[in-house]
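Asker: File run-v7.txt follows (compact mmCIF, C-alpha atoms and all ligand atoms):
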# COMPACT_ATOMS: atom_id res chain seq x y z
CA MET N 1 -6.89 3.41 20.87
CA ALA N 2 -7.76 5.32 17.73
CA ASN N 3 -11.05 7.17 17.63
CA PRO N 4 -13.87 5.40 15.77
CA SER N 5 -14.13 6.69 12.21
CA LEU N 6 -17.13 7.98 10.29
CA LEU N 7 -17.50 8.89 6.64
CA ILE N 8 -20.27 11.41 6.04
CA LEU N 9 -21.85 11.54 2.59
CA PRO N 10 -24.51 14.29 2.73
CA GLY N 11 -25.52 13.83 -0.92
CA ASP N 12 -28.30 15.81 -2.59
CA GLY N 13 -31.46 17.81 -1.87
CA ILE N 14 -32.22 17.97 1.85
CA GLY N 15 -29.34 15.52 2.52
CA PRO N 16 -26.86 18.29 3.44
CA GLU N 17 -29.50 20.14 5.49
CA VAL N 18 -30.37 17.19 7.72
CA MET N 19 -26.74 16.05 7.91
CA ALA N 20 -25.71 19.47 9.26
CA GLU N 21 -27.86 18.72 12.31
CA VAL N 22 -26.27 15.28 12.69
CA ARG N 23 -22.83 16.92 12.67
CA ARG N 24 -23.91 19.09 15.59
CA VAL N 25 -25.09 15.97 17.43
CA ILE N 26 -21.75 14.27 16.76
CA ASP N 27 -19.92 17.35 18.09
CA TRP N 28 -22.16 17.31 21.16
CA PHE N 29 -21.14 13.73 21.99
CA GLY N 30 -17.47 14.74 21.60
CA ALA N 31 -17.85 17.74 23.92
CA ASN N 32 -20.13 16.16 26.54
CA LYS N 33 -19.56 12.41 26.52
CA GLY N 34 -15.90 12.12 25.53
CA LEU N 35 -17.09 10.22 22.47
CA THR N 36 -14.95 11.59 19.67
CA PHE N 37 -15.15 10.40 16.10
CA ASP N 38 -12.69 10.91 13.27
CA VAL N 39 -15.10 12.38 10.76
CA SER N 40 -14.39 12.73 7.07
CA GLU N 41 -16.76 13.95 4.41
CA ASP N 42 -17.15 13.26 0.70
CA LEU N 43 -19.61 13.58 -2.16
CA VAL N 44 -22.18 11.08 -3.39
CA GLY N 45 -25.00 11.14 -5.94
CA GLY N 46 -25.69 14.22 -8.04
CA ALA N 47 -23.29 16.30 -5.95
CA SER N 48 -20.48 13.94 -6.92
CA TYR N 49 -21.64 13.82 -10.53
CA ASP N 50 -21.57 17.63 -10.76
CA LYS N 51 -17.98 17.78 -9.55
CA HIS N 52 -16.46 14.52 -10.84
CA GLY N 53 -18.80 13.19 -13.55
CA THR N 54 -19.56 10.07 -11.51
CA PRO N 55 -22.04 9.48 -8.64
CA LEU N 56 -19.27 7.97 -6.49
CA THR N 57 -15.52 8.28 -7.05
CA ASP N 58 -13.16 5.35 -6.48
CA ALA N 59 -11.52 7.41 -3.72
CA ALA N 60 -14.84 7.86 -1.89
CA MET N 61 -15.61 4.16 -2.36
CA ALA N 62 -12.21 3.22 -0.90
CA LYS N 63 -12.79 5.51 2.08
CA ALA N 64 -16.19 3.90 2.69
CA GLN N 65 -14.50 0.50 2.86
CA GLU N 66 -11.98 1.72 5.45
CA VAL N 67 -14.11 3.57 7.98
CA ASP N 68 -16.08 2.05 10.84
CA ALA N 69 -19.37 3.42 9.53
CA VAL N 70 -20.79 5.49 6.68
CA LEU N 71 -23.59 8.03 7.22
CA LEU N 72 -25.50 9.00 4.10
CA GLY N 73 -28.05 11.82 3.62
CA ALA N 74 -29.97 11.29 0.38
CA VAL N 75 -29.28 11.08 -3.33
CA GLY N 76 -31.10 12.19 -6.47
CA GLY N 77 -33.31 14.99 -7.69
CA PRO N 78 -35.10 16.23 -10.80
CA LYS N 79 -31.92 17.88 -12.10
CA TYR N 80 -30.52 14.39 -12.73
CA ASP N 81 -33.61 12.71 -14.17
CA ASP N 82 -32.35 12.68 -17.75
CA LEU N 83 -28.86 11.37 -17.00
CA ASP N 84 -27.74 8.07 -18.43
CA PHE N 85 -28.55 5.16 -16.09
CA SER N 86 -24.84 4.45 -15.54
CA VAL N 87 -24.24 7.82 -13.86
CA LYS N 88 -27.58 8.36 -12.10
CA PRO N 89 -27.23 9.55 -8.47
CA GLU N 90 -28.86 6.34 -7.18
CA ARG N 91 -26.01 4.36 -8.71
CA GLY N 92 -23.66 5.85 -6.13
CA LEU N 93 -25.73 4.34 -3.34
CA LEU N 94 -26.13 1.01 -5.16
CA ARG N 95 -22.36 0.80 -5.62
CA LEU N 96 -21.80 1.38 -1.89
CA ARG N 97 -24.32 -1.34 -0.98
CA LYS N 98 -22.90 -3.79 -3.48
CA GLU N 99 -19.17 -3.31 -2.87
CA MET N 100 -19.58 -3.21 0.90
CA ASP N 101 -21.82 -6.29 0.56
CA LEU N 102 -24.50 -4.85 2.86
CA PHE N 103 -26.85 -7.80 2.91
CA SER N 104 -28.83 -6.99 6.04
CA ASN N 105 -31.14 -3.98 5.94
CA LEU N 106 -32.55 -2.94 9.32
CA ARG N 107 -35.68 -0.82 9.31
CA PRO N 108 -37.16 -0.05 12.70
CA ALA N 109 -40.81 0.88 12.91
CA GLN N 110 -41.06 2.64 16.20
CA CYS N 111 -43.99 4.71 17.28
CA PHE N 112 -43.26 7.82 19.29
CA ASP N 113 -46.20 8.28 21.64
CA ALA N 114 -46.56 11.95 20.80
CA LEU N 115 -47.12 11.01 17.15
CA ALA N 116 -49.37 7.98 17.65
CA ASP N 117 -52.30 9.86 16.16
CA PHE N 118 -50.38 10.22 12.88
CA SER N 119 -50.67 6.54 12.22
CA SER N 120 -53.15 5.20 9.72
CA LEU N 121 -54.23 2.92 12.57
CA LYS N 122 -55.98 3.60 15.85
CA HIS N 123 -53.90 5.06 18.65
CA ASP N 124 -54.05 1.95 20.88
CA ILE N 125 -52.87 -0.37 18.12
CA VAL N 126 -49.63 1.57 17.53
CA ALA N 127 -48.82 3.41 20.78
CA GLY N 128 -45.57 1.93 22.10
CA LEU N 129 -44.96 -0.03 18.88
CA ASP N 130 -41.29 -1.01 18.44
CA ILE N 131 -40.51 -3.55 15.75
CA MET N 132 -37.51 -4.15 13.55
CA ILE N 133 -37.71 -5.48 10.01
CA VAL N 134 -34.58 -7.19 8.73
CA ARG N 135 -34.67 -7.29 4.95
CA GLU N 136 -32.20 -9.29 2.86
CA LEU N 137 -30.76 -6.65 0.55
CA THR N 138 -28.32 -8.12 -1.95
CA SER N 139 -30.02 -11.16 -3.48
CA GLY N 140 -33.43 -12.60 -4.34
CA VAL N 141 -35.73 -11.71 -7.20
CA TYR N 142 -34.21 -8.24 -7.79
CA PHE N 143 -30.91 -9.84 -8.79
CA GLY N 144 -31.62 -13.48 -9.83
CA GLU N 145 -30.80 -14.71 -13.34
CA PRO N 146 -32.28 -15.26 -15.83
CA ARG N 147 -34.08 -11.97 -16.11
CA GLY N 148 -35.30 -9.82 -18.97
CA ILE N 149 -38.07 -9.33 -21.48
CA HIS N 150 -38.07 -11.51 -24.56
CA LYS N 151 -40.37 -12.76 -27.28
CA GLU N 152 -42.15 -16.10 -27.05
CA GLY N 153 -44.03 -16.72 -30.28
CA ASN N 154 -45.81 -13.47 -30.97
CA GLU N 155 -45.98 -12.07 -27.46
CA ARG N 156 -43.50 -10.59 -24.97
CA VAL N 157 -42.60 -12.35 -21.74
CA GLY N 158 -41.09 -10.63 -18.69
CA ILE N 159 -38.90 -12.78 -16.45
CA ASN N 160 -37.34 -12.45 -13.01
CA THR N 161 -35.90 -15.24 -10.96
CA GLN N 162 -36.14 -15.61 -7.19
CA ARG N 163 -32.91 -17.32 -6.21
CA TYR N 164 -31.44 -17.74 -2.73
CA THR N 165 -28.43 -19.76 -1.65
CA GLU N 166 -28.23 -21.40 1.73
CA SER N 167 -25.38 -19.12 2.81
CA GLU N 168 -27.29 -15.98 1.83
CA ILE N 169 -30.24 -17.05 3.97
CA ALA N 170 -27.98 -18.16 6.82
CA ARG N 171 -26.11 -14.87 7.12
CA VAL N 172 -29.18 -12.65 7.17
CA SER N 173 -30.93 -14.91 9.66
CA ARG N 174 -27.88 -14.77 11.95
CA SER N 175 -28.07 -11.00 11.77
CA ALA N 176 -31.75 -11.15 12.81
CA PHE N 177 -31.10 -13.57 15.69
CA GLU N 178 -28.20 -11.44 16.98
CA LEU N 179 -30.46 -8.41 16.93
CA ALA N 180 -33.26 -10.27 18.69
CA ARG N 181 -30.93 -11.15 21.56
CA LYS N 182 -30.41 -7.41 22.14
CA ARG N 183 -34.17 -6.80 22.06
CA SER N 184 -37.07 -9.04 23.10
CA ASN N 185 -35.46 -12.28 21.92
CA LYS N 186 -38.19 -13.00 19.39
CA VAL N 187 -37.94 -13.51 15.61
CA CYS N 188 -40.69 -14.07 13.06
CA SER N 189 -39.47 -15.24 9.65
CA MET N 190 -41.70 -14.48 6.67
CA GLU N 191 -41.77 -16.20 3.25
CA LYS N 192 -44.22 -18.01 1.00
CA ALA N 193 -43.12 -21.59 1.58
CA ASN N 194 -46.59 -22.71 0.52
CA VAL N 195 -46.01 -21.69 -3.11
CA MET N 196 -42.29 -20.95 -3.58
CA GLU N 197 -39.29 -23.32 -3.50
CA SER N 198 -37.04 -20.50 -2.35
CA GLY N 199 -39.52 -20.02 0.47
CA VAL N 200 -39.21 -23.67 1.50
CA LEU N 201 -35.42 -23.34 1.61
CA TRP N 202 -35.72 -20.01 3.47
CA ARG N 203 -37.87 -21.59 6.18
CA ASP N 204 -35.61 -24.65 6.50
CA VAL N 205 -32.36 -22.70 6.74
CA VAL N 206 -33.72 -20.15 9.24
CA GLN N 207 -34.94 -23.04 11.40
CA GLU N 208 -31.59 -24.88 11.12
CA ILE N 209 -29.55 -21.80 12.08
CA HIS N 210 -31.92 -21.24 14.96
CA ASP N 211 -31.68 -24.82 16.28
CA ALA N 212 -27.90 -24.98 15.95
CA GLU N 213 -26.87 -21.50 17.10
CA TYR N 214 -29.78 -19.56 18.64
CA PRO N 215 -32.04 -22.07 20.43
CA ASP N 216 -32.65 -19.45 23.15
CA VAL N 217 -34.45 -17.12 20.70
CA GLU N 218 -38.19 -17.62 20.19
CA LEU N 219 -38.72 -18.32 16.47
CA SER N 220 -41.94 -18.42 14.49
CA HIS N 221 -42.67 -18.63 10.76
CA MET N 222 -45.43 -16.86 8.89
CA TYR N 223 -46.51 -16.61 5.27
CA ALA N 224 -45.68 -13.11 4.06
CA ASP N 225 -49.23 -12.34 2.97
CA ASN N 226 -50.53 -13.20 6.42
CA GLY N 227 -47.60 -11.16 7.80
CA ALA N 228 -48.82 -8.11 5.91
CA MET N 229 -52.28 -8.58 7.33
CA GLN N 230 -50.98 -9.08 10.88
CA LEU N 231 -48.77 -5.99 10.58
CA VAL N 232 -51.76 -3.74 10.05
CA ARG N 233 -54.07 -5.72 12.35
CA ALA N 234 -51.95 -6.21 15.47
CA PRO N 235 -48.36 -5.03 14.86
CA LYS N 236 -47.31 -5.23 18.50
CA GLN N 237 -47.21 -9.05 18.31
CA PHE N 238 -43.85 -8.70 16.47
CA ASP N 239 -40.34 -7.86 17.62
CA VAL N 240 -37.82 -8.77 14.88
CA ILE N 241 -39.15 -9.80 11.45
CA VAL N 242 -36.68 -11.36 9.00
CA THR N 243 -37.60 -11.68 5.36
CA ASP N 244 -36.29 -11.66 1.80
CA ASN N 245 -35.57 -8.72 -0.45
CA LEU N 246 -38.95 -8.46 -2.20
CA PHE N 247 -41.20 -9.12 0.78
CA GLY N 248 -38.95 -6.94 2.93
CA ASP N 249 -39.31 -4.05 0.50
CA ILE N 250 -43.09 -4.19 0.78
CA LEU N 251 -43.43 -5.10 4.44
CA SER N 252 -41.00 -2.42 5.63
CA ASP N 253 -42.85 0.33 3.74
CA CYS N 254 -46.08 -0.97 5.19
CA ALA N 255 -44.64 -1.01 8.72
CA ALA N 256 -43.20 2.48 8.18
CA MET N 257 -46.63 3.94 7.66
CA LEU N 258 -47.79 2.54 10.97
CA THR N 259 -45.59 5.14 12.60
CA GLY N 260 -46.19 8.40 10.77
CA SER N 261 -43.90 10.61 8.71
CA LEU N 262 -41.07 9.64 6.38
CA GLY N 263 -39.10 12.34 8.13
CA MET N 264 -38.90 10.11 11.23
CA LEU N 265 -37.60 6.85 9.82
CA PRO N 266 -33.96 5.71 10.09
CA SER N 267 -32.28 2.66 8.58
CA ALA N 268 -29.07 0.66 8.78
CA SER N 269 -27.50 -1.64 6.21
CA LEU N 270 -25.00 -4.08 7.62
CA GLY N 271 -22.48 -6.50 6.12
CA LEU N 272 -19.93 -8.96 7.46
CA PRO N 273 -17.65 -8.11 10.40
CA MET N 274 -14.40 -6.31 9.57
CA ALA N 275 -11.01 -7.09 11.15
CA ASN N 276 -11.93 -4.96 14.20
CA GLY N 277 -15.13 -6.96 14.74
CA ARG N 278 -17.43 -4.13 13.66
CA PRO N 279 -19.77 -4.90 10.77
CA LYS N 280 -19.46 -3.08 7.48
CA ALA N 281 -22.18 -0.49 7.91
CA LEU N 282 -24.09 2.29 6.20
CA TYR N 283 -26.74 4.36 7.98
CA GLU N 284 -29.26 6.53 6.17
CA PRO N 285 -32.75 7.98 6.58
CA VAL N 286 -35.50 6.12 4.70
CA HIS N 287 -36.63 9.33 3.00
CA GLY N 288 -35.20 10.60 -0.26
CA SER N 289 -33.81 13.97 -1.30
CA ALA N 290 -37.22 15.70 -1.07
CA PRO N 291 -36.61 18.23 -3.87
CA ASP N 292 -39.96 19.90 -3.17
CA ILE N 293 -38.71 21.30 0.15
CA THR N 294 -34.98 21.57 -0.48
CA GLY N 295 -33.31 24.78 0.65
CA GLN N 296 -36.30 26.04 2.64
CA GLY N 297 -35.28 24.96 6.13
CA LYS N 298 -38.35 22.74 6.32
CA ALA N 299 -36.74 19.30 6.35
CA ASN N 300 -37.19 17.16 9.44
CA PRO N 301 -33.69 16.08 10.60
CA ILE N 302 -34.99 13.36 12.95
CA ALA N 303 -34.72 10.41 10.50
CA CYS N 304 -31.07 11.25 9.91
CA ILE N 305 -30.38 11.86 13.62
CA LEU N 306 -32.01 8.52 14.50
CA SER N 307 -29.84 6.88 11.83
CA PHE N 308 -26.83 8.14 13.75
CA ALA N 309 -28.39 6.68 16.92
CA MET N 310 -28.49 3.33 15.11
CA ALA N 311 -24.80 3.76 14.27
CA LEU N 312 -24.05 4.35 17.97
CA ARG N 313 -25.92 1.15 18.81
CA TYR N 314 -24.91 -1.22 16.04
CA SER N 315 -21.42 -0.07 15.02
CA PHE N 316 -20.00 1.40 18.21
CA ASP N 317 -21.64 -0.58 21.01
CA GLU N 318 -22.82 2.71 22.53
CA GLY N 319 -26.29 1.53 23.46
CA ASP N 320 -26.58 3.96 26.40
CA ASN N 321 -25.70 6.93 24.24
CA ALA N 322 -28.11 5.71 21.56
CA ASP N 323 -30.82 5.55 24.25
CA LEU N 324 -29.89 9.07 25.32
CA LEU N 325 -30.25 10.43 21.79
CA GLU N 326 -33.50 8.58 21.10
CA GLY N 327 -34.79 9.77 24.46
CA ALA N 328 -34.03 13.38 23.48
CA VAL N 329 -36.06 12.93 20.28
CA GLN N 330 -38.93 11.42 22.27
CA GLN N 331 -38.74 14.33 24.69
CA VAL N 332 -38.87 17.15 22.12
CA LEU N 333 -41.80 15.50 20.38
CA ALA N 334 -43.62 15.17 23.69
CA ASP N 335 -42.88 18.88 24.29
CA GLY N 336 -44.62 19.65 21.00
CA ALA N 337 -41.68 20.43 18.69
CA ARG N 338 -42.92 19.90 15.13
CA THR N 339 -41.34 20.44 11.74
CA ALA N 340 -43.82 21.09 8.92
CA ASP N 341 -44.17 17.40 8.01
CA LEU N 342 -45.35 16.67 11.56
CA MET N 343 -48.10 19.28 11.64
CA GLY N 344 -51.47 17.65 12.18
CA PRO N 345 -54.74 18.89 10.73
CA GLU N 346 -55.12 21.19 13.77
CA GLY N 347 -52.22 23.24 12.37
CA GLY N 348 -49.85 25.44 14.33
CA THR N 349 -46.49 27.01 13.59
CA PRO N 350 -43.81 24.59 12.45
CA ILE N 351 -40.17 24.96 13.48
CA SER N 352 -37.22 24.81 11.08
CA THR N 353 -34.63 22.08 10.54
CA THR N 354 -32.10 23.96 12.69
CA GLU N 355 -34.62 24.71 15.42
CA MET N 356 -35.42 21.00 15.65
CA GLY N 357 -31.66 20.36 15.94
CA ASP N 358 -31.45 23.01 18.68
CA ALA N 359 -34.32 21.41 20.60
CA ILE N 360 -32.78 17.93 20.43
CA LEU N 361 -29.39 19.21 21.58
CA ALA N 362 -31.01 21.07 24.45
CA ALA N 363 -32.94 17.96 25.51
P1 LIG V 401 -36.75 8.79 -3.51
O1 LIG V 401 -37.03 8.38 -4.89
O2 LIG V 401 -35.39 9.39 -3.31
O3 LIG V 401 -37.12 7.78 -2.49
P2 LIG V 401 -39.26 10.05 -3.08
O4 LIG V 401 -39.83 11.07 -4.00
O5 LIG V 401 -39.80 8.67 -3.04
O6 LIG V 401 -37.69 10.04 -3.28
P3 LIG V 401 -38.83 11.65 -0.75
O7 LIG V 401 -37.75 12.41 -1.42
O8 LIG V 401 -38.49 10.99 0.51
O9 LIG V 401 -39.43 10.52 -1.60
O10 LIG V 401 -40.08 12.61 -0.55
C1 LIG V 401 -41.42 12.19 -0.43
C2 LIG V 401 -42.25 13.27 0.27
O11 LIG V 401 -41.93 13.29 1.67
C3 LIG V 401 -41.94 14.67 -0.25
O12 LIG V 401 -43.11 15.44 -0.29
C4 LIG V 401 -40.98 15.22 0.78
O13 LIG V 401 -41.02 16.61 0.88
C5 LIG V 401 -41.42 14.54 2.06
N1 LIG V 401 -40.25 14.32 2.93
C6 LIG V 401 -39.29 13.39 2.76
N2 LIG V 401 -38.35 13.47 3.69
C7 LIG V 401 -38.69 14.49 4.50
C8 LIG V 401 -38.09 15.10 5.66
N3 LIG V 401 -36.93 14.66 6.19
N4 LIG V 401 -38.73 16.14 6.22
C9 LIG V 401 -39.88 16.59 5.71
N5 LIG V 401 -40.49 16.09 4.64
C10 LIG V 401 -39.91 15.05 4.02
MG MG V 402 -39.03 6.66 -2.64
Will you turn the file into C-alpha cells for me?
Answerer:
Amino acid sequence: MANPSLLILPGDGIGPEVMAEVRRVIDWFGANKGLTFDVSEDLVGGASYDKHGTPLTDAAMAKAQEVDAVLLGAVGGPKYDDLDFSVKPERGLLRLRKEMDLFSNLRPAQCFDALADFSSLKHDIVAGLDIMIVRELTSGVYFGEPRGIHKEGNERVGINTQRYTESEIARVSRSAFELARKRSNKVCSMEKANVMESGVLWRDVVQEIHDAEYPDVELSHMYADNGAMQLVRAPKQFDVIVTDNLFGDILSDCAAMLTGSLGMLPSASLGLPMANGRPKALYEPVHGSAPDITGQGKANPIACILSFAMALRYSFDEGDNADLLEGAVQQVLADGARTADLMGPEGGTPISTTEMGDAILAA
C-alpha cells in the first residue's frame, strides 16, 4: 500500500521555524516506528505572495485536495498589512478551508499538569482538563445572506444573517458524536434556542441525529451563555462540546485560556470522507505568525507538534503513536523544559525552538 501523504505548508513568520521541528518528528516516526509519510511542501500566505503574487497557487490548492492531510504553520505578518484584501495572506488559508469544505473545526483544550498554574483559574479546576470543542466552520452568521451596511432613512444599519440548513447541522453533529465515541462518549450541544430560530433548529437536528444514529452517546443541551459561564466555573464537566461558528469562535478562545499559552494549542479542521475513507483534513496551531518573535529561535513548537499528533489520530488512525507523541510533550514539560512563552513569573532560562524539539525527540 502507498505511504500516507502529507502536504506541509509552513507559511510565514514563525511558521517555518515550528514546522522544522515537526519535520524532525515526522522523520523520527519513519526511522523508529516504520511510519513513513510521502511529504511534499509548498508555499502559502505571504511566502506564496512574494514568489507567485497570490497567497495560494492553483497548483498548491490542487495538491491540498489530493493528499491525505495538510499541515499548516501560520500565515500573515506586518509586511502584508497594506495588501489588497484579495491577496492578503489569510486568504490563502480561507481558500483552503472553503475549497476543501472543512466544516468541522476541532479545538482541544487540554491542560498539561506541569502548566496548570498558568491557567487563569485555580489549579484544581483545570488540572487534568481535557475537552474538545467542535466548531462549525463554514456557515452561520459569518457567511449568511443578506449581509452588509446600508442606509435606512438617515441612519446606517449593519446586517448579518445567522442561517443554518439541516444538513449543515447534521454533518457537524455527526462529527462530534463520532469523536465522542473515541473519548468519553459525552456531547454537550450549545446554542441559544431560547432566542434564536436557528438555535431551535440546531437543537432539534442534533437531537434527531443522536436518537437515530448515536443513541449510545450521552447528549445534553445548554444555552451558549450558560456554557461560557460553566466553562470558566467547572470546565471538567465537559467532554465534547459542539456548537455553531460564532459561539464556537468565542467559546474555543475562552476554553483555550483555561490551559495556558497560545504556543501549546493545536487544531484540526475536517471535511467529508474522501474515496479512501479518510476525511479531508487540515491541521494547524491556533497561534498566528507571531512577527514579534520571528527569527529569534524563541517560538514554542509544541502547538504545531500537537497538531501533527492530531493528524496521527484523526487522519491516520495512529492513536497509539499520537499518545506516544503527546506523552513525550507531557514528559518534557514535567521535566521543566520551557520555551520563553512558558516562563512563569519566577523566571529561569528559556530553551530555544530547536532545543524543545530535541527534548521531545529524546523523550
Ligand atoms: P493572528 O492574527 O495570525 O492570529 P495574532 O497577533 O492574533 O496573529 P499570534 O501571532 O499568535 O497572534 O501572536 C500573539 C502573541 O503570542 C505574540 O506575542 C506571539 O509572540 C505569541 N505567540 C504566538 N505563538 C507563539 C508560539 N508558538 N511560541 C511563543 N509565542 C507565541
Ligand atoms: Mg489572532
Asker: Would you mind telling me which residue in N:Leu72, N:Ile125, N:Leu9, N:Val87 lies nearest to Thr259 in chain N when using only C-alpha atoms?
Answerer: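 Between N:Leu72, N:Ile125, N:Leu9, N:Val87, the residue approaching Thr259 in chain N most closely is N:Ile125.
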Asker: Work out how far apart CA of Asn32 in chain N and CA of Val329 in chain N are and give it in Å to one decimal.
Answerer: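 Spanning CA of Asn32 in chain N to CA of Val329 in chain N is a straight-line distance of 17.4 Å.
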Asker: Using all atoms listed in the file, what are the residues with an atom within 7 Å of ligand LIG 401 (chain V), set out as a list in words?
Answerer: Ala74, Val75, Gly76, Leu262, Gly263, His287, Gly288, Ser289, Ala290, Pro291, Asp292, Ile293, Lys298, Ala299, Asn300, Pro301, Ala303, Ala340 and Asp341 of chain N
Asker: Take CA of Ala256 in chain N and CA of Ala116 in chain N and report the distance between them in Å, one decimal.
Answerer: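 Computing the Euclidean distance for CA of Ala256 in chain N and CA of Ala116 in chain N yields 12.6 Å.
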Asker: If we count all atoms listed in the file, what is near Ala337 in chain N at a cut-off of 9 Å, once residues fewer than 4 positions away on the same chain are taken out, given as a PyMOL selection string?
Answerer: chain N and resi 332-333+342+350-351+355-356+359
Asker: Quick one: pull the distance between CA of Glu197 in chain N and CA of Asp225 in chain N, Å, one decimal.
Answerer: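 The value is 16.2 Å.
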Asker: Extract, using only C-alpha atoms, all DNA, RNA and protein residues at most 9 Å from Val67 in chain N, discarding same-chain residues fewer than 6 positions from it, and format them as a list in words.
Answerer: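 Counting only C-alpha atoms, the residues come to Pro4, Ser5, Leu6, Leu7 and Lys280 of chain N.
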Asker: Which residue gives the smallest distance to ligand MG 402 (chain V) among N:Ala322, N:Asp117, N:Arg203, N:Val286, with only C-alpha atoms and all ligand atoms counted?
Answerer: N:Val286
Asker: Nearest residue to Thr243 in chain N out of N:Gly158, N:Pro10, N:Gly199, N:Pro215, using only C-alpha atoms?
Answerer: N:Gly199
